[in-house]
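What follows is the content of work.txt (compact mmCIF, N, CA and C atoms).
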```txt
# COMPACT_ATOMS: atom_id res chain seq x y z
N MET A 89 0.85 -1.17 0.00
CA MET A 89 0.00 0.00 0.00
C MET A 89 0.89 1.23 0.00
N PRO A 90 0.68 2.21 -0.89
CA PRO A 90 1.55 3.38 -0.93
C PRO A 90 1.37 4.25 0.29
N ARG A 91 2.45 4.87 0.70
CA ARG A 91 2.40 5.77 1.85
C ARG A 91 1.78 7.10 1.41
N VAL A 92 0.86 7.60 2.21
CA VAL A 92 0.23 8.88 1.94
C VAL A 92 1.02 9.95 2.66
N SER A 93 1.34 11.03 1.96
CA SER A 93 2.11 12.11 2.55
C SER A 93 1.36 12.74 3.70
N LYS A 94 2.08 12.99 4.80
CA LYS A 94 1.46 13.63 5.95
C LYS A 94 1.08 15.07 5.65
N LYS A 95 1.72 15.69 4.73
CA LYS A 95 1.48 17.10 4.43
C LYS A 95 0.88 17.28 3.04
N ALA A 96 0.02 16.37 2.63
CA ALA A 96 -0.56 16.43 1.29
C ALA A 96 -1.44 17.66 1.11
N LYS A 97 -2.10 18.11 2.17
CA LYS A 97 -2.93 19.31 2.10
C LYS A 97 -2.51 20.24 3.22
N PRO A 98 -2.31 21.53 2.92
CA PRO A 98 -2.05 22.46 4.01
C PRO A 98 -3.27 22.52 4.93
N LYS A 99 -3.01 22.80 6.20
CA LYS A 99 -4.11 22.79 7.16
C LYS A 99 -5.16 23.84 6.81
N GLU A 100 -4.79 24.92 6.11
CA GLU A 100 -5.77 25.93 5.72
C GLU A 100 -6.80 25.33 4.76
N LYS A 101 -6.33 24.49 3.82
CA LYS A 101 -7.26 23.84 2.88
C LYS A 101 -8.16 22.86 3.60
N VAL A 102 -7.62 22.14 4.56
CA VAL A 102 -8.42 21.18 5.33
C VAL A 102 -9.45 21.94 6.15
N ALA A 103 -9.05 23.05 6.77
CA ALA A 103 -9.99 23.86 7.55
C ALA A 103 -11.08 24.41 6.65
N ALA A 104 -10.72 24.86 5.46
CA ALA A 104 -11.73 25.36 4.53
C ALA A 104 -12.68 24.26 4.11
N ALA A 105 -12.18 23.06 3.92
CA ALA A 105 -13.04 21.94 3.54
C ALA A 105 -14.04 21.63 4.65
N ALA A 106 -13.63 21.81 5.89
CA ALA A 106 -14.55 21.57 7.01
C ALA A 106 -15.69 22.56 7.00
N VAL A 107 -15.43 23.78 6.56
CA VAL A 107 -16.46 24.81 6.54
C VAL A 107 -17.35 24.69 5.31
N GLU A 108 -16.81 24.21 4.20
CA GLU A 108 -17.55 24.13 2.95
C GLU A 108 -18.37 22.85 2.85
N GLN A 109 -19.22 22.63 3.82
CA GLN A 109 -20.10 21.47 3.79
C GLN A 109 -21.36 21.82 3.02
N PRO A 110 -21.97 20.85 2.38
CA PRO A 110 -23.27 21.11 1.78
C PRO A 110 -24.25 21.52 2.88
N MET A 111 -25.23 22.35 2.54
CA MET A 111 -26.18 22.85 3.53
C MET A 111 -26.88 21.73 4.28
N GLU A 112 -27.19 20.62 3.60
CA GLU A 112 -27.90 19.53 4.25
C GLU A 112 -26.98 18.71 5.17
N ASP A 113 -25.68 18.93 5.09
CA ASP A 113 -24.72 18.21 5.89
C ASP A 113 -24.53 18.94 7.22
N LYS A 114 -25.01 18.36 8.28
CA LYS A 114 -24.94 18.99 9.60
C LYS A 114 -23.94 18.27 10.49
N ARG A 115 -22.75 18.05 9.95
CA ARG A 115 -21.73 17.37 10.72
C ARG A 115 -21.27 18.22 11.89
N SER A 116 -20.93 17.53 12.95
CA SER A 116 -20.27 18.12 14.10
C SER A 116 -18.91 17.44 14.21
N PHE A 117 -18.00 18.06 14.97
CA PHE A 117 -16.63 17.59 15.01
C PHE A 117 -16.12 17.55 16.44
N SER A 118 -15.29 16.54 16.72
CA SER A 118 -14.63 16.49 18.02
C SER A 118 -13.25 17.13 17.89
N ALA A 119 -12.69 17.51 19.02
CA ALA A 119 -11.33 18.07 19.02
C ALA A 119 -10.30 17.03 18.59
N ARG A 120 -10.69 15.77 18.61
CA ARG A 120 -9.79 14.67 18.22
C ARG A 120 -9.98 14.26 16.77
N HIS A 121 -10.62 15.11 15.98
CA HIS A 121 -10.71 14.95 14.53
C HIS A 121 -11.61 13.80 14.07
N VAL A 122 -12.71 13.66 14.77
CA VAL A 122 -13.76 12.70 14.39
C VAL A 122 -14.99 13.52 14.04
N TRP A 123 -15.66 13.16 12.93
CA TRP A 123 -16.91 13.86 12.59
C TRP A 123 -18.10 12.98 12.94
N VAL A 124 -19.22 13.67 13.18
CA VAL A 124 -20.48 13.01 13.52
C VAL A 124 -21.56 13.64 12.67
N LEU A 125 -22.31 12.82 11.96
CA LEU A 125 -23.45 13.29 11.18
C LEU A 125 -24.71 12.72 11.83
N PRO A 126 -25.40 13.55 12.63
CA PRO A 126 -26.55 13.03 13.36
C PRO A 126 -27.84 13.04 12.54
N ASP A 127 -28.65 12.05 12.77
CA ASP A 127 -30.04 12.01 12.32
C ASP A 127 -30.83 12.17 13.61
N GLU A 128 -31.11 13.43 13.96
CA GLU A 128 -31.68 13.72 15.27
C GLU A 128 -33.08 13.15 15.44
N GLU A 129 -33.80 12.97 14.37
CA GLU A 129 -35.14 12.42 14.45
C GLU A 129 -35.12 10.98 14.96
N ASN A 130 -34.09 10.23 14.57
CA ASN A 130 -33.99 8.82 14.95
C ASN A 130 -32.91 8.54 15.99
N CYS A 131 -32.23 9.59 16.45
CA CYS A 131 -31.12 9.45 17.41
C CYS A 131 -30.06 8.48 16.90
N VAL A 132 -29.73 8.59 15.61
CA VAL A 132 -28.70 7.78 14.98
C VAL A 132 -27.63 8.72 14.44
N ALA A 133 -26.38 8.35 14.61
CA ALA A 133 -25.27 9.17 14.10
C ALA A 133 -24.32 8.31 13.28
N THR A 134 -23.84 8.88 12.20
CA THR A 134 -22.78 8.29 11.39
C THR A 134 -21.48 8.94 11.85
N VAL A 135 -20.44 8.14 12.03
CA VAL A 135 -19.17 8.61 12.59
C VAL A 135 -18.04 8.31 11.62
N GLY A 136 -17.15 9.28 11.44
CA GLY A 136 -15.99 9.10 10.57
C GLY A 136 -14.83 9.95 11.02
N ILE A 137 -13.74 9.91 10.27
CA ILE A 137 -12.58 10.75 10.59
C ILE A 137 -12.55 11.95 9.66
N THR A 138 -11.93 13.01 10.13
CA THR A 138 -11.87 14.25 9.35
C THR A 138 -10.75 14.20 8.31
N ASP A 139 -10.83 15.12 7.36
CA ASP A 139 -9.76 15.29 6.37
C ASP A 139 -8.43 15.51 7.07
N TYR A 140 -8.44 16.34 8.10
CA TYR A 140 -7.20 16.66 8.80
C TYR A 140 -6.53 15.40 9.33
N LEU A 141 -7.29 14.55 10.00
CA LEU A 141 -6.70 13.32 10.55
C LEU A 141 -6.25 12.39 9.43
N ALA A 142 -7.04 12.26 8.40
CA ALA A 142 -6.68 11.38 7.28
C ALA A 142 -5.38 11.83 6.63
N GLU A 143 -5.20 13.13 6.50
CA GLU A 143 -3.98 13.66 5.88
C GLU A 143 -2.77 13.56 6.80
N ASP A 144 -3.02 13.59 8.10
CA ASP A 144 -1.94 13.59 9.09
C ASP A 144 -1.39 12.20 9.37
N MET A 145 -2.15 11.17 9.05
CA MET A 145 -1.75 9.80 9.38
C MET A 145 -1.00 9.14 8.24
N ASP A 146 -0.17 8.16 8.62
CA ASP A 146 0.45 7.28 7.63
C ASP A 146 -0.64 6.38 7.06
N SER A 147 -0.28 5.58 6.08
CA SER A 147 -1.23 4.63 5.51
C SER A 147 -1.76 3.69 6.59
N ILE A 148 -3.04 3.49 6.58
CA ILE A 148 -3.69 2.61 7.55
C ILE A 148 -3.65 1.19 7.00
N LEU A 149 -3.07 0.28 7.77
CA LEU A 149 -2.96 -1.11 7.34
C LEU A 149 -4.21 -1.91 7.70
N SER A 150 -4.76 -1.64 8.89
CA SER A 150 -5.97 -2.35 9.31
C SER A 150 -6.68 -1.51 10.37
N ILE A 151 -7.93 -1.88 10.62
CA ILE A 151 -8.76 -1.17 11.59
C ILE A 151 -9.43 -2.18 12.50
N ASP A 152 -9.38 -1.91 13.80
CA ASP A 152 -10.18 -2.65 14.77
C ASP A 152 -11.36 -1.76 15.12
N MET A 153 -12.57 -2.26 14.88
CA MET A 153 -13.77 -1.48 15.16
C MET A 153 -14.67 -2.23 16.13
N PRO A 154 -15.56 -1.48 16.77
CA PRO A 154 -16.53 -2.15 17.63
C PRO A 154 -17.49 -2.99 16.79
N LEU A 155 -18.17 -3.89 17.41
CA LEU A 155 -19.13 -4.75 16.73
C LEU A 155 -20.54 -4.19 16.88
N PRO A 156 -21.41 -4.46 15.91
CA PRO A 156 -22.80 -4.06 16.09
C PRO A 156 -23.35 -4.62 17.41
N GLY A 157 -24.01 -3.75 18.15
CA GLY A 157 -24.53 -4.13 19.46
C GLY A 157 -23.64 -3.69 20.61
N ASP A 158 -22.37 -3.38 20.33
CA ASP A 158 -21.47 -2.92 21.39
C ASP A 158 -21.95 -1.59 21.95
N GLU A 159 -21.85 -1.44 23.25
CA GLU A 159 -22.18 -0.20 23.95
C GLU A 159 -20.92 0.65 24.03
N LEU A 160 -21.02 1.92 23.65
CA LEU A 160 -19.89 2.83 23.71
C LEU A 160 -20.22 3.96 24.68
N GLU A 161 -19.23 4.38 25.43
CA GLU A 161 -19.35 5.54 26.29
C GLU A 161 -18.60 6.69 25.65
N ILE A 162 -19.12 7.89 25.78
CA ILE A 162 -18.47 9.05 25.20
C ILE A 162 -17.02 9.14 25.69
N ASP A 163 -16.12 9.47 24.78
CA ASP A 163 -14.71 9.72 25.06
C ASP A 163 -13.92 8.49 25.49
N THR A 164 -14.44 7.28 25.19
CA THR A 164 -13.67 6.07 25.46
C THR A 164 -13.14 5.52 24.13
N PHE A 165 -12.00 4.84 24.19
CA PHE A 165 -11.41 4.29 22.98
C PHE A 165 -12.33 3.24 22.37
N CYS A 166 -12.55 3.35 21.06
CA CYS A 166 -13.43 2.38 20.40
C CYS A 166 -12.90 1.90 19.05
N ILE A 167 -11.98 2.65 18.47
CA ILE A 167 -11.42 2.27 17.16
C ILE A 167 -9.90 2.37 17.25
N HIS A 168 -9.24 1.40 16.61
CA HIS A 168 -7.78 1.37 16.59
C HIS A 168 -7.33 1.28 15.14
N LEU A 169 -6.62 2.30 14.70
CA LEU A 169 -6.11 2.36 13.33
C LEU A 169 -4.64 1.91 13.35
N HIS A 170 -4.38 0.78 12.71
CA HIS A 170 -3.03 0.21 12.69
C HIS A 170 -2.26 0.74 11.49
N MET A 171 -1.09 1.35 11.78
CA MET A 171 -0.20 1.83 10.74
C MET A 171 1.12 1.08 10.85
N HIS A 172 2.09 1.42 10.05
CA HIS A 172 3.34 0.66 10.02
C HIS A 172 3.98 0.53 11.40
N ASN A 173 4.22 1.61 12.09
CA ASN A 173 4.91 1.55 13.38
C ASN A 173 4.11 2.21 14.49
N HIS A 174 2.81 2.24 14.33
CA HIS A 174 2.00 3.03 15.26
C HIS A 174 0.56 2.55 15.23
N ILE A 175 -0.12 2.69 16.34
CA ILE A 175 -1.57 2.47 16.39
C ILE A 175 -2.20 3.77 16.88
N HIS A 176 -3.14 4.29 16.11
CA HIS A 176 -3.85 5.51 16.49
C HIS A 176 -5.21 5.09 17.06
N HIS A 177 -5.48 5.51 18.27
CA HIS A 177 -6.71 5.15 18.96
C HIS A 177 -7.72 6.29 18.83
N LEU A 178 -8.93 5.96 18.44
CA LEU A 178 -9.99 6.96 18.34
C LEU A 178 -11.00 6.76 19.46
N ARG A 179 -11.52 7.87 19.95
CA ARG A 179 -12.51 7.84 21.03
C ARG A 179 -13.90 8.03 20.46
N SER A 180 -14.87 7.46 21.13
CA SER A 180 -16.26 7.61 20.71
C SER A 180 -16.71 9.05 20.99
N PRO A 181 -17.30 9.70 20.00
CA PRO A 181 -17.75 11.08 20.21
C PRO A 181 -19.08 11.16 20.97
N LEU A 182 -19.78 10.03 21.09
CA LEU A 182 -21.09 9.98 21.75
C LEU A 182 -21.23 8.65 22.51
N SER A 183 -22.19 8.60 23.41
CA SER A 183 -22.54 7.35 24.10
C SER A 183 -23.70 6.69 23.37
N GLY A 184 -23.66 5.37 23.28
CA GLY A 184 -24.76 4.66 22.66
C GLY A 184 -24.35 3.28 22.16
N ARG A 185 -25.13 2.74 21.24
CA ARG A 185 -24.93 1.40 20.70
C ARG A 185 -24.54 1.45 19.24
N VAL A 186 -23.58 0.62 18.89
CA VAL A 186 -23.16 0.50 17.49
C VAL A 186 -24.23 -0.26 16.73
N LEU A 187 -24.69 0.31 15.62
CA LEU A 187 -25.69 -0.33 14.77
C LEU A 187 -25.06 -1.05 13.59
N GLU A 188 -24.00 -0.44 13.05
CA GLU A 188 -23.40 -0.95 11.81
C GLU A 188 -21.97 -0.44 11.69
N VAL A 189 -21.09 -1.28 11.17
CA VAL A 189 -19.73 -0.84 10.83
C VAL A 189 -19.60 -0.87 9.31
N ASN A 190 -18.75 -0.01 8.80
CA ASN A 190 -18.56 0.08 7.35
C ASN A 190 -17.58 -1.01 6.91
N LYS A 191 -18.12 -2.09 6.44
CA LYS A 191 -17.29 -3.23 6.01
C LYS A 191 -16.41 -2.87 4.82
N GLU A 192 -16.90 -1.98 3.97
CA GLU A 192 -16.11 -1.54 2.81
C GLU A 192 -14.80 -0.90 3.26
N VAL A 193 -14.86 -0.08 4.30
CA VAL A 193 -13.65 0.56 4.83
C VAL A 193 -12.75 -0.46 5.52
N MET A 194 -13.35 -1.40 6.23
CA MET A 194 -12.54 -2.43 6.89
C MET A 194 -11.78 -3.27 5.86
N ASP A 195 -12.41 -3.53 4.72
CA ASP A 195 -11.77 -4.31 3.66
C ASP A 195 -10.78 -3.51 2.85
N ASN A 196 -10.97 -2.19 2.77
CA ASN A 196 -10.11 -1.33 1.96
C ASN A 196 -9.84 -0.04 2.74
N THR A 197 -8.88 -0.08 3.65
CA THR A 197 -8.62 1.05 4.53
C THR A 197 -8.14 2.30 3.80
N SER A 198 -7.63 2.16 2.59
CA SER A 198 -7.16 3.33 1.84
C SER A 198 -8.31 4.27 1.50
N LEU A 199 -9.54 3.79 1.56
CA LEU A 199 -10.69 4.66 1.30
C LEU A 199 -10.73 5.84 2.26
N LEU A 200 -10.24 5.64 3.47
CA LEU A 200 -10.23 6.74 4.44
C LEU A 200 -9.30 7.87 4.01
N HIS A 201 -8.24 7.53 3.32
CA HIS A 201 -7.33 8.57 2.82
C HIS A 201 -7.89 9.22 1.55
N LEU A 202 -8.62 8.47 0.76
CA LEU A 202 -9.16 9.01 -0.49
C LEU A 202 -10.28 10.02 -0.25
N ASP A 203 -11.21 9.68 0.64
CA ASP A 203 -12.33 10.58 0.92
C ASP A 203 -12.92 10.26 2.29
N PRO A 204 -12.31 10.80 3.35
CA PRO A 204 -12.77 10.47 4.69
C PRO A 204 -14.17 11.01 5.00
N ASN A 205 -14.63 11.99 4.26
CA ASN A 205 -15.98 12.51 4.49
C ASN A 205 -17.06 11.59 3.91
N LYS A 206 -16.70 10.86 2.89
CA LYS A 206 -17.64 9.93 2.26
C LYS A 206 -17.62 8.57 2.94
N HIS A 207 -16.45 8.14 3.35
CA HIS A 207 -16.26 6.79 3.88
C HIS A 207 -16.27 6.82 5.41
N TRP A 208 -17.43 6.58 5.96
CA TRP A 208 -17.65 6.60 7.40
C TRP A 208 -17.13 5.32 8.05
N LEU A 209 -17.02 5.34 9.37
CA LEU A 209 -16.53 4.18 10.12
C LEU A 209 -17.66 3.33 10.68
N TYR A 210 -18.58 3.96 11.41
CA TYR A 210 -19.69 3.20 11.98
C TYR A 210 -20.91 4.10 12.18
N LYS A 211 -22.04 3.45 12.37
CA LYS A 211 -23.28 4.15 12.70
C LYS A 211 -23.70 3.68 14.08
N MET A 212 -24.23 4.63 14.85
CA MET A 212 -24.61 4.30 16.21
C MET A 212 -25.93 4.97 16.58
N GLU A 213 -26.63 4.34 17.49
CA GLU A 213 -27.79 4.94 18.10
C GLU A 213 -27.28 5.62 19.37
N TYR A 214 -27.46 6.93 19.48
CA TYR A 214 -26.92 7.62 20.65
C TYR A 214 -27.99 7.79 21.72
N ASP A 215 -27.51 7.80 22.97
CA ASP A 215 -28.39 7.82 24.12
C ASP A 215 -28.84 9.22 24.52
N ASP A 216 -27.93 10.18 24.44
CA ASP A 216 -28.18 11.51 24.99
C ASP A 216 -27.97 12.58 23.93
N PRO A 217 -29.06 13.13 23.39
CA PRO A 217 -28.92 14.18 22.37
C PRO A 217 -28.13 15.39 22.86
N ASP A 218 -28.09 15.61 24.16
CA ASP A 218 -27.33 16.75 24.71
C ASP A 218 -25.83 16.59 24.46
N GLU A 219 -25.35 15.35 24.27
CA GLU A 219 -23.93 15.16 24.00
C GLU A 219 -23.52 15.80 22.67
N LEU A 220 -24.46 15.97 21.75
CA LEU A 220 -24.15 16.63 20.48
C LEU A 220 -23.67 18.06 20.71
N GLU A 221 -24.14 18.67 21.79
CA GLU A 221 -23.74 20.05 22.11
C GLU A 221 -22.28 20.15 22.52
N LEU A 222 -21.67 19.02 22.88
CA LEU A 222 -20.26 19.02 23.27
C LEU A 222 -19.33 19.04 22.06
N LEU A 223 -19.89 18.80 20.87
CA LEU A 223 -19.10 18.78 19.64
C LEU A 223 -19.06 20.16 19.00
N MET A 224 -18.15 20.36 18.07
CA MET A 224 -17.98 21.65 17.40
C MET A 224 -18.72 21.69 16.07
N SER A 225 -19.16 22.88 15.72
CA SER A 225 -19.71 23.10 14.37
C SER A 225 -18.54 23.13 13.39
N ALA A 226 -18.83 23.17 12.10
CA ALA A 226 -17.77 23.24 11.09
C ALA A 226 -16.93 24.50 11.27
N GLN A 227 -17.57 25.61 11.57
CA GLN A 227 -16.84 26.86 11.76
C GLN A 227 -15.95 26.79 13.00
N GLN A 228 -16.48 26.23 14.08
CA GLN A 228 -15.67 26.09 15.30
C GLN A 228 -14.50 25.14 15.06
N TYR A 229 -14.74 24.07 14.32
CA TYR A 229 -13.67 23.12 14.02
C TYR A 229 -12.59 23.78 13.16
N ALA A 230 -12.98 24.60 12.21
CA ALA A 230 -12.01 25.30 11.35
C ALA A 230 -11.14 26.22 12.22
N ARG A 231 -11.74 26.91 13.18
CA ARG A 231 -10.96 27.76 14.09
C ARG A 231 -10.01 26.89 14.96
N HIS A 232 -10.52 25.73 15.37
CA HIS A 232 -9.69 24.80 16.15
C HIS A 232 -8.45 24.38 15.33
N LEU A 233 -8.65 24.07 14.06
CA LEU A 233 -7.52 23.67 13.21
C LEU A 233 -6.53 24.81 13.03
N ASP A 234 -7.03 26.03 12.95
CA ASP A 234 -6.15 27.19 12.79
C ASP A 234 -5.23 27.37 14.00
N GLN A 235 -5.66 26.86 15.15
CA GLN A 235 -4.86 27.02 16.37
C GLN A 235 -3.85 25.89 16.57
N LEU A 236 -3.89 24.88 15.73
CA LEU A 236 -2.94 23.75 15.88
C LEU A 236 -1.58 24.11 15.34
```
Show me, as structure tokens, the structure contained in the file I just sent.
Amino acid sequence: MPRVSKKAKPKEKVAAAAVEQPMEDKRSFSARHVWVLPDEENCVATVGITDYLAEDMDSILSIDMPLPGDELEIDTFCIHLHMHNHIHHLRSPLSGRVLEVNKEVMDNTSLLHLDPNKHWLYKMEYDDPDELELLMSAQQYARHLDQL
């Protein structure tokens, strides 16, 4: 698998991409570079990694993900991205139950580098809608990236 450059996109372009979401896309972001696309009517959220994290990481060799039915607590480790000499641990942005994992991404981890906004990691039913308020809007996330 080819190595993806850590500096393929300047952080300004990644920050701009976070702000330039389609109007119907109501993603929220964690400070740890995970995005959440909530379906508030059904209390279901799609979870993925941000452009910034995808560009900052080496090629992902494999992913350990939670299983459907697993209970996740907010801010606990739930995903492990295996790279050549490193494992990057991701925390759950919300509390709830895993409904589905993206098998396509598990089978082809390079998809996360190609388009992390399209290729999500898992879908979950979240317990507390108030936890969404702990996440950042696209504009807040862009300001967060500017401070890194």
| query | In Å, with one decimal, what is the gap from atom N of A:Met194 to atom CA of A:His176? | reply |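 It comes out at 15.6 Å.
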Taking every listed atom of stretch 182-200 of chain A and adding 3 Å to each side, what centre and edge lengths in Å (one decimal) does the axis-aligned box have, as AutoDock Vina command-line options?
```
--center_x -16.4 --center_y 2.9 --center_z 12.7 --size_x 24.5 --size_y 20.3 --size_z 28.8
```
| task | Within 6.5 Å of A:Phe165, counting all atoms listed in the file, which residues show up once you throw out same-chain ones fewer than 4 positions away? Write them as a PyMOL selection string, please. | result | chain A and resi 177-180
| said: Please determine, counting all atoms listed in the file, which residue among A:Asp127, A:Glu188, A:Asp195, A:Asp163 has the shortest atom-to-atom distance to A:Ser150. | reply: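 Nearest candidate to A:Ser150 out of A:Asp127, A:Glu188, A:Asp195, A:Asp163: A:Asp195.
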| message | If I take atom CA of A:Met171 and atom N of A:Arg231, how far is one from the other in Å, to one decimal? | response |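 Atom-to-atom, atom CA of A:Met171 and atom N of A:Arg231 are spaced 27.7 Å apart.
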| task | For atom CA of A:Cys166 and atom CA of A:Ile151, quote the distance in Å rounded to one decimal. | result |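 Straight-line distance from atom CA of A:Cys166 to atom CA of A:Ile151 works out to 10.6 Å.
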| said: Give me the residues near stretch 220-222 of chain A as a VMD selection string, where near means some atom within 8 Å (using only C-alpha atoms) and where sequence neighbours in that chain fewer than 2 positions away do not count. | reply: chain A and resid 116 182 216 to 218 224
| said: I'd like to know which of A:Ser118, A:Asn173, A:Thr138, A:Asn130 is closest to A:Leu200, using only N, CA and C atoms. | reply: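 Of A:Ser118, A:Asn173, A:Thr138, A:Asn130, the one nearest A:Leu200, counting only N, CA and C atoms, is A:Thr138.
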| Selected residue, from A:Ala119, A:Pro126, A:Pro156, A:Tyr214, that lies nearest to A:His232 when counting all atoms listed in the file |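 Of A:Ala119, A:Pro126, A:Pro156, A:Tyr214, the one nearest A:His232 is A:Ala119, counting all atoms listed in the file.
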| remark: Of A:Met153, A:Glu161, A:Cys131, A:His168, the one sitting nearest A:Met212 when using all atoms listed in the file is A:Cys131
Got a sec to check which residues sit within 8 Å of (-23.3, 2.4, 16.6), counting only C-alpha atoms, and write them as an mmCIF file with N, CA and C atoms, in the frame of the given file?
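The result, stored in result-v7.cif:
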```
data_model
loop_
_atom_site.group_PDB
_atom_site.id
_atom_site.type_symbol
_atom_site.label_atom_id
_atom_site.label_comp_id
_atom_site.auth_asym_id
_atom_site.auth_seq_id
_atom_site.Cartn_x
_atom_site.Cartn_y
_atom_site.Cartn_z
ATOM 1 N N VAL A 132 -29.730 8.590 15.610
ATOM 2 C CA VAL A 132 -28.700 7.780 14.980
ATOM 3 C C VAL A 132 -27.630 8.720 14.440
ATOM 4 N N ALA A 133 -26.380 8.350 14.610
ATOM 5 C CA ALA A 133 -25.270 9.170 14.100
ATOM 6 C C ALA A 133 -24.320 8.310 13.280
ATOM 7 N N THR A 134 -23.840 8.880 12.200
ATOM 8 C CA THR A 134 -22.780 8.290 11.390
ATOM 9 C C THR A 134 -21.480 8.940 11.850
ATOM 10 N N PRO A 156 -21.410 -4.460 15.910
ATOM 11 C CA PRO A 156 -22.800 -4.060 16.090
ATOM 12 C C PRO A 156 -23.350 -4.620 17.410
ATOM 13 N N GLY A 157 -24.010 -3.750 18.150
ATOM 14 C CA GLY A 157 -24.530 -4.130 19.460
ATOM 15 C C GLY A 157 -23.640 -3.690 20.610
ATOM 16 N N ASP A 158 -22.370 -3.380 20.330
ATOM 17 C CA ASP A 158 -21.470 -2.920 21.390
ATOM 18 C C ASP A 158 -21.950 -1.590 21.950
ATOM 19 N N GLU A 159 -21.850 -1.440 23.250
ATOM 20 C CA GLU A 159 -22.180 -0.200 23.950
ATOM 21 C C GLU A 159 -20.920 0.650 24.030
ATOM 22 N N LEU A 160 -21.020 1.920 23.650
ATOM 23 C CA LEU A 160 -19.890 2.830 23.710
ATOM 24 C C LEU A 160 -20.220 3.960 24.680
ATOM 25 N N GLY A 184 -23.660 5.370 23.280
ATOM 26 C CA GLY A 184 -24.760 4.660 22.660
ATOM 27 C C GLY A 184 -24.350 3.280 22.160
ATOM 28 N N ARG A 185 -25.130 2.740 21.240
ATOM 29 C CA ARG A 185 -24.930 1.400 20.700
ATOM 30 C C ARG A 185 -24.540 1.450 19.240
ATOM 31 N N VAL A 186 -23.580 0.620 18.890
ATOM 32 C CA VAL A 186 -23.160 0.500 17.490
ATOM 33 C C VAL A 186 -24.230 -0.260 16.730
ATOM 34 N N LEU A 187 -24.690 0.310 15.620
ATOM 35 C CA LEU A 187 -25.690 -0.330 14.770
ATOM 36 C C LEU A 187 -25.060 -1.050 13.590
ATOM 37 N N GLU A 188 -24.000 -0.440 13.050
ATOM 38 C CA GLU A 188 -23.400 -0.950 11.810
ATOM 39 C C GLU A 188 -21.970 -0.440 11.690
ATOM 40 N N VAL A 189 -21.090 -1.280 11.170
ATOM 41 C CA VAL A 189 -19.730 -0.840 10.830
ATOM 42 C C VAL A 189 -19.600 -0.870 9.310
ATOM 43 N N TYR A 210 -18.580 3.960 11.410
ATOM 44 C CA TYR A 210 -19.690 3.200 11.980
ATOM 45 C C TYR A 210 -20.910 4.100 12.180
ATOM 46 N N LYS A 211 -22.040 3.450 12.370
ATOM 47 C CA LYS A 211 -23.280 4.150 12.700
ATOM 48 C C LYS A 211 -23.700 3.680 14.080
ATOM 49 N N MET A 212 -24.230 4.630 14.850
ATOM 50 C CA MET A 212 -24.610 4.300 16.210
ATOM 51 C C MET A 212 -25.930 4.970 16.580
ATOM 52 N N GLU A 213 -26.630 4.340 17.490
ATOM 53 C CA GLU A 213 -27.790 4.940 18.100
ATOM 54 C C GLU A 213 -27.280 5.620 19.370
ATOM 55 N N TYR A 214 -27.460 6.930 19.480
ATOM 56 C CA TYR A 214 -26.920 7.620 20.650
ATOM 57 C C TYR A 214 -27.990 7.790 21.720
#
```
Enumerate as a short mmCIF file (atom, residue, chain, number, x, y, z; two decimals) with N, CA and C atoms, keeping the file's coordinate frame all residues of stretch 95-184 of chain A assigned to helix (DSSP H, G or I) by DSSP on the backbone, naming them with the chain letters and numbers the document uses.
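And here's result-v7.cif as it stands now:
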```cif
data_model
loop_
_atom_site.label_atom_id
_atom_site.label_comp_id
_atom_site.auth_asym_id
_atom_site.auth_seq_id
_atom_site.Cartn_x
_atom_site.Cartn_y
_atom_site.Cartn_z
N LYS A 99 -3.01 22.80 6.20
CA LYS A 99 -4.11 22.79 7.16
C LYS A 99 -5.16 23.84 6.81
N GLU A 100 -4.79 24.92 6.11
CA GLU A 100 -5.77 25.93 5.72
C GLU A 100 -6.80 25.33 4.76
N LYS A 101 -6.33 24.49 3.82
CA LYS A 101 -7.26 23.84 2.88
C LYS A 101 -8.16 22.86 3.60
N VAL A 102 -7.62 22.14 4.56
CA VAL A 102 -8.42 21.18 5.33
C VAL A 102 -9.45 21.94 6.15
N ALA A 103 -9.05 23.05 6.77
CA ALA A 103 -9.99 23.86 7.55
C ALA A 103 -11.08 24.41 6.65
N ALA A 104 -10.72 24.86 5.46
CA ALA A 104 -11.73 25.36 4.53
C ALA A 104 -12.68 24.26 4.11
N ALA A 105 -12.18 23.06 3.92
CA ALA A 105 -13.04 21.94 3.54
C ALA A 105 -14.04 21.63 4.65
N ALA A 106 -13.63 21.81 5.89
CA ALA A 106 -14.55 21.57 7.01
C ALA A 106 -15.69 22.56 7.00
N VAL A 107 -15.43 23.78 6.56
CA VAL A 107 -16.46 24.81 6.54
C VAL A 107 -17.35 24.69 5.31
N ASP A 139 -10.83 15.12 7.36
CA ASP A 139 -9.76 15.29 6.37
C ASP A 139 -8.43 15.51 7.07
N TYR A 140 -8.44 16.34 8.10
CA TYR A 140 -7.20 16.66 8.80
C TYR A 140 -6.53 15.40 9.33
N LEU A 141 -7.29 14.55 10.00
CA LEU A 141 -6.70 13.32 10.55
C LEU A 141 -6.25 12.39 9.43
N ALA A 142 -7.04 12.26 8.40
CA ALA A 142 -6.68 11.38 7.28
C ALA A 142 -5.38 11.83 6.63
N GLU A 143 -5.20 13.13 6.50
CA GLU A 143 -3.98 13.66 5.88
C GLU A 143 -2.77 13.56 6.80
N ASP A 144 -3.02 13.59 8.10
CA ASP A 144 -1.94 13.59 9.09
C ASP A 144 -1.39 12.20 9.37
#
```
| field | Pick from A:Leu149, A:Leu209, A:Ile162, A:Ile167, whichever lies nearest to A:Val135 using only N, CA and C atoms | value | A:Leu209
| task | Taking the DSSP assignment computed from this structure's backbone, write out as a ChimeraX atom specification all residues of stretch 198-227 of chain A that belong to strand (DSSP E or B). | result | /A:210-214,224
